[in-house]
file upload11.txt (compact mmCIF, C-alpha atoms)
# COMPACT_ATOMS: atom_id res chain seq x y z
CA MET A 1366 55.88 154.96 210.13
CA THR A 1367 52.43 154.62 211.64
CA ALA A 1368 49.21 155.79 209.96
CA ALA A 1369 49.08 158.77 212.32
CA PRO A 1370 52.76 159.66 212.44
CA LEU A 1371 52.48 162.48 214.95
CA LEU A 1372 50.20 160.67 217.38
CA PRO A 1373 51.93 159.54 220.57
CA ARG A 1374 51.24 156.06 221.90
CA PRO A 1375 51.35 155.14 225.56
CA PHE A 1376 54.19 152.80 226.55
CA ARG A 1377 54.82 151.24 229.93
CA VAL A 1378 58.28 150.96 231.46
CA LEU A 1379 58.96 147.31 232.19
CA ALA A 1380 62.49 147.56 233.50
CA THR A 1381 65.39 149.95 233.85
CA ARG A 1382 69.07 149.12 233.60
CA PRO A 1383 71.77 151.62 234.54
CA GLU A 1384 74.55 151.60 231.95
CA THR A 1385 76.79 154.29 233.42
CA ALA A 1386 76.43 157.02 236.01
CA ASP A 1387 74.33 159.12 233.62
CA THR A 1388 72.96 156.62 231.12
CA THR A 1389 70.04 154.25 231.50
CA THR A 1390 68.38 151.67 229.29
CA LEU A 1391 64.61 151.42 229.51
CA THR A 1392 62.69 148.32 228.50
CA ILE A 1393 59.25 149.43 227.38
CA GLU A 1394 56.10 147.85 226.01
CA PRO A 1395 53.10 149.34 224.21
CA ALA A 1396 50.16 149.72 226.56
CA ASP A 1397 47.75 148.96 223.71
CA GLY A 1398 49.49 145.64 223.02
CA ARG A 1399 50.37 146.49 219.41
CA PRO A 1400 54.10 145.96 218.94
CA LEU A 1401 56.07 148.79 217.38
CA ALA A 1402 57.86 147.67 214.23
CA PHE A 1403 61.11 149.50 213.61
CA ALA A 1404 64.32 149.19 211.65
CA ALA A 1405 67.72 149.19 213.33
CA GLY A 1406 68.98 152.77 213.35
CA GLN A 1407 65.58 154.43 213.60
CA PHE A 1408 64.57 156.57 216.54
CA THR A 1409 61.41 157.48 218.38
CA MET A 1410 60.31 160.68 220.04
CA LEU A 1411 60.18 159.46 223.60
CA GLY A 1412 58.46 161.61 226.18
CA THR A 1413 56.64 161.91 229.43
CA PHE A 1414 52.92 162.59 229.76
CA GLY A 1415 52.41 166.31 229.88
CA GLY A 1416 56.13 166.80 229.43
CA ALA A 1417 58.57 167.18 226.62
CA GLU A 1418 60.01 164.69 224.14
CA ALA A 1419 63.49 163.72 223.05
CA PRO A 1420 64.69 161.78 220.00
CA ILE A 1421 65.99 158.45 221.28
CA SER A 1422 67.38 155.60 219.18
CA VAL A 1423 66.02 152.12 219.59
CA THR A 1424 68.77 149.88 220.90
CA SER A 1425 67.10 146.48 220.91
CA SER A 1426 66.89 144.00 218.07
CA PRO A 1427 64.35 144.86 215.39
CA LEU A 1428 63.67 141.15 214.97
CA ALA A 1429 62.75 139.91 218.44
CA GLY A 1430 62.55 140.68 222.11
CA PRO A 1431 61.26 143.62 224.10
CA MET A 1432 61.89 147.15 222.94
CA GLU A 1433 64.81 148.95 224.60
CA GLN A 1434 65.90 152.56 224.42
CA THR A 1435 69.03 154.00 225.99
CA ILE A 1436 69.00 157.54 227.30
CA ARG A 1437 71.74 159.78 228.58
CA ASP A 1438 70.74 162.25 231.26
CA MET A 1439 71.35 165.64 229.70
CA GLY A 1440 68.83 167.37 231.97
CA GLY A 1441 65.20 168.27 231.20
CA VAL A 1442 63.15 165.48 229.69
CA THR A 1443 66.13 163.16 229.46
CA HIS A 1444 66.47 163.39 233.23
CA ASP A 1445 62.81 162.46 233.60
CA LEU A 1446 63.29 159.52 231.23
CA THR A 1447 66.44 158.19 232.88
CA THR A 1448 64.76 158.31 236.26
CA ALA A 1449 61.56 156.62 235.10
CA GLU A 1450 60.69 153.51 237.06
CA PRO A 1451 58.98 150.24 236.16
CA GLY A 1452 55.26 150.86 235.78
CA HIS A 1453 55.66 154.48 234.67
CA MET A 1454 53.89 155.42 231.47
CA LEU A 1455 55.73 157.23 228.68
CA THR A 1456 54.76 158.52 225.25
CA VAL A 1457 56.28 157.19 222.07
CA ARG A 1458 55.98 158.63 218.58
CA GLY A 1459 57.51 157.00 215.58
CA PRO A 1460 59.64 155.18 214.70
CA TYR A 1461 61.22 157.78 212.45
CA GLY A 1462 64.05 158.15 210.04
CA THR A 1463 66.31 155.88 208.08
CA GLY A 1464 67.88 152.66 209.29
CA TRP A 1465 71.31 151.09 208.94
CA ASN A 1466 70.06 148.58 206.34
CA ILE A 1467 72.82 146.12 207.15
CA THR A 1468 71.54 143.62 204.60
CA ASP A 1469 73.32 145.83 202.04
CA GLY A 1470 76.47 144.29 203.51
CA SER A 1471 75.39 140.68 203.00
CA GLY A 1472 78.22 138.46 201.83
CA GLY A 1473 80.87 140.91 202.99
CA ASP A 1474 82.35 142.30 206.17
CA LEU A 1475 80.37 144.45 208.59
CA VAL A 1476 82.42 146.97 210.55
CA PHE A 1477 80.70 148.77 213.41
CA VAL A 1478 82.56 151.73 214.90
CA ALA A 1479 80.98 153.24 218.00
CA GLY A 1480 81.95 156.00 220.37
CA GLY A 1481 80.46 156.48 223.84
CA ILE A 1482 76.68 156.17 223.87
CA GLY A 1483 76.86 155.86 220.06
CA LEU A 1484 76.92 152.13 220.66
CA ALA A 1485 73.18 152.30 221.47
CA PRO A 1486 71.82 152.71 217.92
CA LEU A 1487 74.49 150.37 216.56
CA ARG A 1488 73.59 147.65 219.06
CA SER A 1489 70.23 147.25 217.34
CA ALA A 1490 71.97 146.55 214.02
CA LEU A 1491 74.55 144.33 215.72
CA LEU A 1492 71.83 142.17 217.21
CA GLU A 1493 70.17 142.00 213.80
CA ALA A 1494 73.48 140.88 212.25
CA LEU A 1495 74.02 138.26 214.95
CA ALA A 1496 70.55 136.85 214.32
CA ASN A 1497 71.63 136.26 210.73
CA ARG A 1498 75.36 135.79 211.33
CA ALA A 1499 75.90 133.41 208.40
CA ALA A 1500 74.98 136.19 205.95
CA TYR A 1501 78.20 138.06 206.72
CA ARG A 1502 81.88 137.29 206.64
CA ARG A 1503 83.71 139.17 209.34
CA VAL A 1504 81.67 141.18 211.85
CA VAL A 1505 83.81 143.73 213.67
CA LEU A 1506 82.92 146.07 216.52
CA LEU A 1507 85.40 148.81 217.37
CA TYR A 1508 84.30 150.74 220.44
CA GLY A 1509 85.80 153.82 222.02
CA ALA A 1510 84.77 155.11 225.42
CA ARG A 1511 86.00 157.84 227.70
CA THR A 1512 87.02 155.49 230.52
CA PRO A 1513 86.49 151.80 231.24
CA HIS A 1514 83.66 152.75 233.62
CA GLU A 1515 81.86 154.76 230.95
CA GLN A 1516 81.30 151.88 228.54
CA VAL A 1517 77.66 151.11 227.87
CA PHE A 1518 76.25 147.58 227.43
CA ARG A 1519 79.08 146.05 229.42
CA ASP A 1520 77.32 142.70 229.70
CA ASP A 1521 77.06 142.52 225.92
CA LEU A 1522 80.68 143.58 225.49
CA ALA A 1523 81.86 140.91 227.94
CA ARG A 1524 79.85 138.27 226.14
CA TRP A 1525 81.07 139.31 222.71
CA ALA A 1526 84.66 139.53 223.96
CA ALA A 1527 84.33 135.94 225.16
CA GLY A 1528 83.51 134.89 221.60
CA ASP A 1529 79.74 134.79 221.78
CA GLY A 1530 78.21 135.73 218.45
CA GLY A 1531 81.34 135.59 216.35
CA ILE A 1532 82.15 139.29 216.67
CA ALA A 1533 85.71 140.56 216.47
CA LEU A 1534 85.58 143.10 219.29
CA ALA A 1535 88.17 145.71 220.20
CA VAL A 1536 87.62 148.37 222.84
CA THR A 1537 89.77 151.38 223.55
CA VAL A 1538 89.42 154.14 226.11
CA ASP A 1539 90.66 157.71 226.23
CA ARG A 1540 92.00 157.41 229.75
CA ALA A 1541 92.50 154.59 232.17
CA ASP A 1542 94.08 153.43 235.34
CA ARG A 1543 96.08 150.25 235.77
CA ASP A 1544 93.02 148.06 236.14
CA TRP A 1545 92.48 148.44 232.40
CA ALA A 1546 94.58 146.05 230.31
CA GLY A 1547 93.19 147.04 226.93
CA PRO A 1548 94.21 149.72 224.48
CA VAL A 1549 94.30 153.38 225.45
CA GLY A 1550 93.89 155.76 222.54
CA LEU A 1551 91.58 156.99 219.83
CA VAL A 1552 89.10 154.51 218.35
CA THR A 1553 90.67 155.08 214.92
CA ASP A 1554 93.80 153.32 216.24
CA LEU A 1555 91.79 150.08 216.23
CA ILE A 1556 91.07 150.18 212.50
CA PRO A 1557 94.44 148.94 211.13
CA GLY A 1558 94.30 145.78 213.24
CA ALA A 1559 90.64 144.99 212.63
CA GLY A 1560 91.32 142.60 209.77
CA PHE A 1561 88.45 143.44 207.42
CA ASP A 1562 88.50 143.51 203.64
CA PRO A 1563 87.88 147.19 202.79
CA ALA A 1564 86.63 146.42 199.31
CA ARG A 1565 83.92 144.15 200.75
CA THR A 1566 83.02 146.17 203.82
CA LEU A 1567 79.94 148.02 204.92
CA ALA A 1568 80.99 150.34 207.77
CA LEU A 1569 78.49 151.74 210.27
CA VAL A 1570 79.64 154.57 212.47
CA CYS A 1571 77.92 156.23 215.40
CA GLY A 1572 79.21 158.55 218.08
CA PRO A 1573 79.99 162.20 218.66
CA GLU A 1574 80.18 163.98 215.31
CA VAL A 1575 83.85 164.89 215.67
CA MET A 1576 84.68 161.26 216.34
CA MET A 1577 82.65 160.18 213.29
CA ARG A 1578 84.60 162.61 211.08
CA PHE A 1579 87.90 161.15 212.27
CA VAL A 1580 86.63 157.59 211.88
CA ALA A 1581 85.27 158.18 208.38
CA VAL A 1582 88.61 159.57 207.23
CA ALA A 1583 90.45 156.63 208.80
CA LEU A 1584 88.09 154.19 207.06
CA LEU A 1585 88.65 155.97 203.75
CA ASP A 1586 92.42 155.75 204.34
CA ALA A 1587 91.96 152.03 204.99
CA GLY A 1588 90.31 151.70 201.57
CA VAL A 1589 86.59 151.59 202.42
CA PRO A 1590 84.65 153.48 199.71
CA ALA A 1591 82.84 156.59 200.98
CA GLY A 1592 79.51 155.22 199.79
CA ARG A 1593 80.01 152.14 201.97
CA ILE A 1594 80.44 154.20 205.15
CA ARG A 1595 77.23 155.09 206.95
CA ILE A 1596 76.98 157.50 209.83
CA SER A 1597 74.16 158.45 212.16
CA LEU A 1598 73.76 162.20 212.52
CA GLU A 1599 72.08 163.93 215.39
CA ARG A 1600 70.39 167.28 215.15
CA ASN A 1601 67.57 169.02 216.99
CA MET A 1602 64.78 166.64 215.97
CA LYS A 1603 61.30 167.82 216.94
CA CYS A 1604 58.47 166.65 214.67
CA GLY A 1605 60.23 163.54 213.35
CA VAL A 1606 58.62 163.73 209.91
CA GLY A 1607 60.51 166.50 208.14
CA LEU A 1608 57.90 169.22 208.64
CA CYS A 1609 59.13 171.58 211.31
CA GLY A 1610 62.65 172.14 210.01
CA HIS A 1611 64.39 172.12 213.39
CA CYS A 1612 66.81 169.41 212.26
CA GLN A 1613 67.54 170.83 208.83
CA LEU A 1614 71.07 170.40 207.55
CA ARG A 1615 71.02 172.43 204.34
CA GLU A 1616 68.93 170.28 201.96
CA LEU A 1617 68.49 167.46 204.45
CA PHE A 1618 66.01 166.94 207.24
CA ILE A 1619 67.94 164.66 209.56
CA CYS A 1620 64.76 163.25 211.12
CA SER A 1621 63.46 161.92 207.82
CA ASP A 1622 66.40 161.87 205.37
CA GLY A 1623 68.55 160.56 208.24
CA PRO A 1624 69.62 159.91 210.90
CA VAL A 1625 71.56 157.20 209.03
CA LEU A 1626 73.19 158.65 205.95
CA PRO A 1627 75.96 157.59 203.60
CA TYR A 1628 79.16 159.45 204.32
CA ASP A 1629 79.62 160.58 200.73
CA ARG A 1630 76.31 162.45 200.97
CA VAL A 1631 77.16 164.39 204.13
CA ALA A 1632 80.96 164.60 204.25
CA ASP A 1633 80.99 168.17 202.95
CA LEU A 1634 78.09 169.25 205.16
CA MET A 1635 79.80 168.00 208.31
CA THR A 1636 82.53 170.61 208.07
CA VAL A 1637 80.30 173.57 207.23
CA ARG A 1638 79.80 175.73 210.28
CA GLU A 1639 76.45 177.05 211.43
CA LEU A 1640 74.48 174.64 209.32
CA MET B 894 108.42 124.88 210.84
CA LYS B 895 110.63 127.67 209.58
CA MET B 896 111.30 130.35 212.18
CA ARG B 897 110.65 133.90 211.06
CA SER B 898 113.78 136.00 211.26
CA ILE B 899 113.82 139.50 212.71
CA ALA B 900 114.28 140.81 209.17
CA ASP B 901 111.11 138.96 208.13
CA TYR B 902 109.16 140.55 210.97
CA LEU B 903 110.48 144.00 210.20
CA SER B 904 109.78 143.80 206.48
CA GLY B 905 106.16 142.90 207.28
CA ASN B 906 105.70 145.81 209.67
CA PRO B 907 104.01 148.98 208.36
CA PHE B 908 106.78 151.17 209.80
CA PHE B 909 109.35 149.51 207.55
CA ALA B 910 107.05 149.06 204.52
CA GLY B 911 108.70 150.10 201.29
CA LEU B 912 112.29 149.72 202.48
CA ASP B 913 114.40 147.46 200.28
CA THR B 914 115.48 144.08 201.56
CA ALA B 915 119.10 145.13 202.01
CA SER B 916 118.11 148.09 204.20
CA VAL B 917 115.83 145.95 206.35
CA SER B 918 118.64 143.42 206.78
CA GLU B 919 120.97 146.25 207.81
CA LEU B 920 118.48 147.40 210.43
CA ALA B 921 117.84 143.87 211.64
CA GLY B 922 121.52 143.76 212.52
CA CYS B 923 120.73 146.29 215.28
CA ALA B 924 117.89 144.20 216.69
CA ILE B 925 117.23 141.51 219.25
CA ASN B 926 114.04 139.90 220.53
CA VAL B 927 112.96 140.90 224.02
CA HIS B 928 110.16 139.41 226.09
CA THR B 929 108.55 141.06 229.10
CA ARG B 930 106.16 139.71 231.68
CA PRO B 931 103.01 141.55 232.76
CA GLY B 932 103.93 144.49 234.96
CA GLU B 933 107.55 144.69 233.85
CA TYR B 934 108.86 147.95 232.50
CA LEU B 935 110.41 148.18 229.09
CA PHE B 936 111.63 151.68 229.90
CA ARG B 937 111.22 154.25 232.64
CA GLU B 938 110.65 158.00 232.60
CA GLY B 939 113.92 159.90 232.53
CA GLN B 940 116.03 157.00 231.33
CA PRO B 941 118.14 157.33 228.18
CA ALA B 942 116.20 156.05 225.18
CA GLU B 943 118.63 153.38 224.09
CA HIS B 944 116.19 151.34 222.05
CA PHE B 945 113.46 151.57 219.47
CA TYR B 946 110.77 148.94 219.92
CA VAL B 947 108.55 147.11 217.45
CA ILE B 948 105.80 145.27 219.30
CA THR B 949 105.12 141.81 217.95
CA ARG B 950 102.81 140.55 220.71
CA GLY B 951 101.09 141.94 223.79
CA ARG B 952 100.70 145.56 224.80
CA ILE B 953 102.82 148.30 226.34
CA ALA B 954 101.10 151.07 228.31
CA LEU B 955 102.66 154.51 228.36
CA GLU B 956 102.29 155.77 231.90
CA LEU B 957 103.06 158.87 233.87
CA PHE B 958 103.23 158.69 237.63
CA SER B 959 101.76 161.44 239.75
CA PRO B 960 102.53 161.47 243.48
CA ALA B 961 99.04 162.80 244.09
CA SER B 962 97.06 160.38 241.99
CA GLY B 963 99.32 157.49 241.08
CA PRO B 964 100.03 156.11 237.62
CA HIS B 965 98.01 157.37 234.67
CA VAL B 966 97.85 155.37 231.45
CA LEU B 967 98.11 157.98 228.71
CA ASP B 968 98.44 155.83 225.65
CA SER B 969 99.25 152.29 224.66
CA ALA B 970 100.75 150.38 221.78
CA GLY B 971 99.96 146.87 220.62
CA PRO B 972 101.04 144.37 218.00
CA GLY B 973 102.47 145.99 214.89
CA GLU B 974 102.92 149.38 216.53
CA VAL B 975 106.24 151.00 217.37
CA LEU B 976 107.64 152.87 220.36
CA ASP B 977 108.61 155.57 219.89
CA TRP B 978 110.87 158.39 218.60
CA PRO B 979 113.27 159.36 221.44
CA TRP B 980 115.85 157.02 219.86
CA LEU B 981 116.03 159.51 216.99
CA ILE B 982 115.42 162.89 218.55
CA PRO B 983 117.61 164.52 221.22
CA PRO B 984 117.76 164.45 224.16
CA HIS B 985 117.17 160.70 223.52
CA ARG B 986 115.28 160.28 226.76
CA TRP B 987 112.02 158.58 227.70
CA PHE B 988 109.35 160.93 229.00
CA PHE B 989 107.01 158.16 230.12
CA ASP B 990 107.13 154.73 231.69
CA GLY B 991 106.56 151.84 229.31
CA ARG B 992 104.89 148.98 231.20
CA ALA B 993 103.82 145.64 229.80
CA VAL B 994 100.13 145.14 230.60
CA GLU B 995 100.34 141.53 229.45
CA SER B 996 103.04 139.14 228.33
CA THR B 997 104.68 141.15 225.58
CA SER B 998 107.30 140.51 222.92
CA VAL B 999 109.15 143.25 221.10
CA ILE B 1000 111.92 143.59 218.60
CA SER B 1001 114.37 145.91 220.29
CA LEU B 1002 116.59 147.95 217.98
CA ASP B 1003 119.67 149.55 219.50
CA ALA B 1004 119.34 153.35 219.21
CA GLY B 1005 123.06 154.04 218.77
CA CYS B 1006 123.29 151.36 216.11
CA LEU B 1007 120.29 152.81 214.27
CA ARG B 1008 121.65 156.34 214.38
CA GLY B 1009 124.96 155.04 213.08
CA LYS B 1010 123.19 153.43 210.13
CA CYS B 1011 121.35 156.69 209.45
CA GLU B 1012 124.57 158.70 209.45
CA ALA B 1013 126.35 156.18 207.25
CA ASP B 1014 123.50 156.05 204.76
CA PRO B 1015 121.60 159.37 204.60
CA ARG B 1016 119.07 157.89 202.16
CA LEU B 1017 118.13 155.26 204.75
CA GLY B 1018 118.30 157.93 207.42
CA TYR B 1019 115.80 160.07 205.54
CA GLU B 1020 113.47 157.11 205.18
CA LEU B 1021 113.55 156.42 208.91
CA VAL B 1022 113.14 160.09 209.82
CA GLN B 1023 110.12 160.27 207.52
CA ARG B 1024 108.58 157.19 209.14
CA ALA B 1025 109.28 158.45 212.66
CA ALA B 1026 107.66 161.77 211.71
CA GLN B 1027 104.58 159.91 210.46
CA THR B 1028 104.39 158.04 213.75
CA MET B 1029 104.68 161.30 215.68
CA SER B 1030 102.10 163.00 213.46
CA HIS B 1031 99.64 160.16 213.91
CA ARG B 1032 100.02 160.16 217.68
CA LEU B 1033 99.82 163.94 217.85
CA GLN B 1034 96.59 164.01 215.84
CA ALA B 1035 95.09 161.26 217.97
CA THR B 1036 96.13 163.06 221.15
CA ARG B 1037 94.61 166.33 219.93
CA ALA B 1038 91.38 164.54 219.12
CA ARG B 1039 91.29 163.01 222.58
CA LEU B 1040 91.85 166.45 224.13
CA LEU B 1041 88.36 167.33 222.90
CA ASP B 1042 87.00 164.77 225.35
CA VAL B 1043 84.20 164.05 222.90
CA TYR B 1044 82.65 161.35 225.06
CA GLY B 1045 82.67 163.55 228.15
CA SER B 1046 79.67 164.71 230.12
CA PRO B 1047 77.77 167.59 228.54
call {"tool": "encode", "arguments": {"input": "upload11.txt", "output": "structure tokens"}}
result
Amino acid sequence: MTAAPLLPRPFRVLATRPETADTTTLTIEPADGRPLAFAAGQFTMLGTFGGAEAPISVTSSPLAGPMEQTIRDMGGVTHDLTTAEPGHMLTVRGPYGTGWNITDGSGGDLVFVAGGIGLAPLRSALLEALANRAAYRRVVLLYGARTPHEQVFRDDLARWAAGDGGIALAVTVDRADRDWAGPVGLVTDLIPGAGFDPARTLALVCGPEVMMRFVAVALLDAGVPAGRIRISLERNMKCGVGLCGHCQLRELFICSDGPVLPYDRVADLMTVREL
Amino acid sequence: MKMRSIADYLSGNPFFAGLDTASVSELAGCAINVHTRPGEYLFREGQPAEHFYVITRGRIALELFSPASGPHVLDSAGPGEVLDWPWLIPPHRWFFDGRAVESTSVISLDAGCLRGKCEADPRLGYELVQRAAQTMSHRLQATRARLLDVYGSP
């Protein structure tokens, strides 16, 4: 975190890349020239000048390259962000929260399970793993999307599917037409064939919360210990530093204790209503 | 190189896990290898379900054709997975088309032969019914989860 954790910094939009009909990746740079150090899995409060902010995960590598953030247009500020153009100035606070800490999986298998736009925060950790590929045995990405057209980072997926990076990639969709030759079904269906050693696996899961619950149970059934499954929770983050309480989940502030949390710490909380 | 027999394949498949060697050999007696090219149908909607399939390679899409919107891929099964349960449960009819989306190999077990084995050996029959129920349960849970459309637009 920065010395003044609540102070926004001006960032300039360098480029925009549409991912799907409602999702856009922004490449941004700090206007003051000071790079923003972050860990894979952390988020920033990204906003417009004079406008609102939204918690957005960083999707680029924490090790190198320009900073990228992927935003889904849910209306309000996210609409303003997804329609920003090169040259526009935005505000950035953070980075906030916990990261994936993939080095905890060194020497073993890394299993990434993503659903929909949940691939965005995982991509940052994936790129970190690929930059240090020799530190891991099998690196697996299991990705579920609604339709083939609603996959994000399709260029990356095509590259990884072609063998680039040494990732074992499997993609499934909920519904498809005949142009799709891959699996159709729930992302959990991909787990049995993924070929990882559950006793030596660190699993990182990100997607809609219902999907993460199903995936966590399937990983447990496959033999991955609960403490080796990490999920990224999303709540109504506002301040980003655990002060305002908007993102409280019983004893946790998701903005500072999370968003990345071990499954064994939150499994019970995820099924409690109105928390 | 030693060729793997059908019994070898079946004993290594999760559906048949835990069955004794003699039972697997009995079931293998109902089986043949079948290969399909991309686009070929393994079965069609409305046809009698005369086989139970264990996919060894490739992928079968379960499709439903709508005159208004064409074929919809509802589900699919790949290597190691089985299709399906109509061989066991009346009216023993396919409710979907099963189309190979790529070059696909399956072990095809004759439904009448399987049912005969089940009737002759209720212990084996119970084992297969239990496994078919697990397959159905798994697919039902997955289908229910997909009904939520969790990735859909807000």
call {"tool": "residues_around", "arguments": {"input": "upload11.txt", "residues": "B:Ile1000", "least_positions_apart": "3", "cutoff": "7 Å", "atoms": "all atoms listed in the file", "output": "ChimeraX atom specification"}}
result
/B:924-927,946-948
call {"tool": "closest_atom_pairs", "arguments": {"input": "upload11.txt", "of": "chain B", "to": "chain A", "cutoff": "6 Å", "atoms": "all atoms listed in the file", "output": "CSV"}}
result
residue,atom,partner,partner_atom,distance
B:His965,CA,A:Asp1542,CA,5.6
B:Val966,CA,A:Ala1541,CA,5.5
B:Asp968,CA,A:Val1549,CA,4.8
B:Ser969,CA,A:Val1549,CA,5.1
B:Val994,CA,A:Ala1546,CA,5.6
B:Ala1035,CA,A:Leu1551,CA,5.8
B:Tyr1044,CA,A:Gly1481,CA,5.5
call {"tool": "closest_residue", "arguments": {"input": "upload11.txt", "among": "A:Leu1401, A:Met1432, A:Val1570, A:Ala1587", "to": "A:Leu1379", "atoms": "all atoms listed in the file"}}
result
A:Met1432
call {"tool": "atom_distance", "arguments": {"input": "upload11.txt", "atom1": "atom CA of A:Met1635", "atom2": "atom CA of A:Arg1578"}}
result
7.7 Å
call {"tool": "residues_around", "arguments": {"input": "upload11.txt", "residues": "A:Ala1405", "least_positions_apart": "2", "cutoff": "7 Å", "atoms": "only C-alpha atoms", "output": "PyMOL selection string"}}
result
chain A and resi 1403+1407+1427+1464-1465+1489-1490
call {"tool": "write_last_selection", "arguments": {"input": "upload11.txt", "atoms": "C-alpha atoms", "output": "PDB file, keeping the file's coordinate frame"}}
result
ATOM      1  CA  PHE A1403      61.110 149.500 213.610  1.00  0.00           C
ATOM      2  CA  GLN A1407      65.580 154.430 213.600  1.00  0.00           C
ATOM      3  CA  PRO A1427      64.350 144.860 215.390  1.00  0.00           C
ATOM      4  CA  GLY A1464      67.880 152.660 209.290  1.00  0.00           C
ATOM      5  CA  TRP A1465      71.310 151.090 208.940  1.00  0.00           C
ATOM      6  CA  SER A1489      70.230 147.250 217.340  1.00  0.00           C
ATOM      7  CA  ALA A1490      71.970 146.550 214.020  1.00  0.00           C
TER       8      ALA A1490
END
call {"tool": "residues_around", "arguments": {"input": "upload11.txt", "residues": "B:Ser904", "least_positions_apart": "5", "cutoff": "7 Å", "atoms": "only C-alpha atoms", "output": "ChimeraX atom specification"}}
result
/B:909-910,917
call {"tool": "residues_around", "arguments": {"input": "upload11.txt", "residues": "A:Asp1633", "least_positions_apart": "3", "cutoff": "12 Å", "atoms": "all atoms listed in the file", "output": "ChimeraX atom specification"}}
result
/A:1578,1591,1614-1615,1627-1630,1636-1638,1640
call {"tool": "residues_around", "arguments": {"input": "upload11.txt", "residues": "A:Arg1458", "least_positions_apart": "2", "cutoff": "9 Å", "atoms": "all atoms listed in the file", "output": "list in words"}}
result
Thr1367, Pro1370, Leu1371, Leu1372, Pro1373, Arg1374, Thr1409, Met1410, Leu1411, Gly1412, Thr1456, Pro1460, Tyr1461 and Gly1605 of chain A
call {"tool": "closest_residue", "arguments": {"input": "upload11.txt", "among": "A:Leu1391, A:Ala1396, A:Leu1534, A:Ala1499", "to": "A:Asp1445", "atoms": "all atoms listed in the file"}}
result
A:Leu1391
call {"tool": "atom_distance", "arguments": {"input": "upload11.txt", "atom1": "atom CA of A:Asn1466", "atom2": "atom CA of A:Ala1404"}}
result
7.8 Å
call {"tool": "atom_distance", "arguments": {"input": "upload11.txt", "atom1": "atom CA of B:Glu933", "atom2": "atom CA of B:Glu956"}}
result
12.4 Å
call {"tool": "closest_residue", "arguments": {"input": "upload11.txt", "among": "B:Arg1032, B:Asp901, B:Glu938, B:Glu974", "to": "B:Val999", "atoms": "all atoms listed in the file"}}
result
B:Glu974
call {"tool": "closest_residue", "arguments": {"input": "upload11.txt", "among": "A:Thr1388, A:Thr1413, A:Thr1566, A:Ser1422", "to": "A:Met1602", "atoms": "only C-alpha atoms"}}
result
A:Ser1422
call {"tool": "closest_residue", "arguments": {"input": "upload11.txt", "among": "A:Gly1459, A:Thr1443, A:Gly1623, A:Thr1392", "to": "A:Cys1604", "atoms": "only C-alpha atoms"}}
result
A:Gly1459
call {"tool": "residues_near_point", "arguments": {"input": "upload11.txt", "point": "(102.8, 160.7, 213.8)", "cutoff": "12 Å", "atoms": "only C-alpha atoms", "output": "short mmCIF file (atom, residue, chain, number, x, y, z; two decimals) with C-alpha atoms, keeping the file's coordinate frame"}}
result
data_model
loop_
_atom_site.label_atom_id
_atom_site.label_comp_id
_atom_site.auth_asym_id
_atom_site.auth_seq_id
_atom_site.Cartn_x
_atom_site.Cartn_y
_atom_site.Cartn_z
CA ASP A 1554 93.80 153.32 216.24
CA PHE B 908 106.78 151.17 209.80
CA GLU B 974 102.92 149.38 216.53
CA VAL B 975 106.24 151.00 217.37
CA LEU B 976 107.64 152.87 220.36
CA ASP B 977 108.61 155.57 219.89
CA TRP B 978 110.87 158.39 218.60
CA VAL B 1022 113.14 160.09 209.82
CA GLN B 1023 110.12 160.27 207.52
CA ARG B 1024 108.58 157.19 209.14
CA ALA B 1025 109.28 158.45 212.66
CA ALA B 1026 107.66 161.77 211.71
CA GLN B 1027 104.58 159.91 210.46
CA THR B 1028 104.39 158.04 213.75
CA MET B 1029 104.68 161.30 215.68
CA SER B 1030 102.10 163.00 213.46
CA HIS B 1031 99.64 160.16 213.91
CA ARG B 1032 100.02 160.16 217.68
CA LEU B 1033 99.82 163.94 217.85
CA GLN B 1034 96.59 164.01 215.84
CA ALA B 1035 95.09 161.26 217.97
CA THR B 1036 96.13 163.06 221.15
CA ARG B 1037 94.61 166.33 219.93
#
call {"tool": "residues_near_point", "arguments": {"input": "upload11.txt", "point": "(102.6, 143.4, 231.6)", "cutoff": "9 Å", "atoms": "all atoms listed in the file", "output": "list of chain:residue names"}}
result
A:Ala1546, B:Thr929, B:Arg930, B:Pro931, B:Gly932, B:Glu933, B:Tyr934, B:Gly951, B:Arg952, B:Ile953, B:Ala954, B:Arg992, B:Ala993, B:Val994, B:Glu995, B:Ser996, B:Thr997
call {"tool": "closest_residue", "arguments": {"input": "upload11.txt", "among": "A:Ala1419, A:Leu1475, A:Leu1506, A:Val1606", "to": "A:Ala1494", "atoms": "only C-alpha atoms"}}
result
A:Leu1475
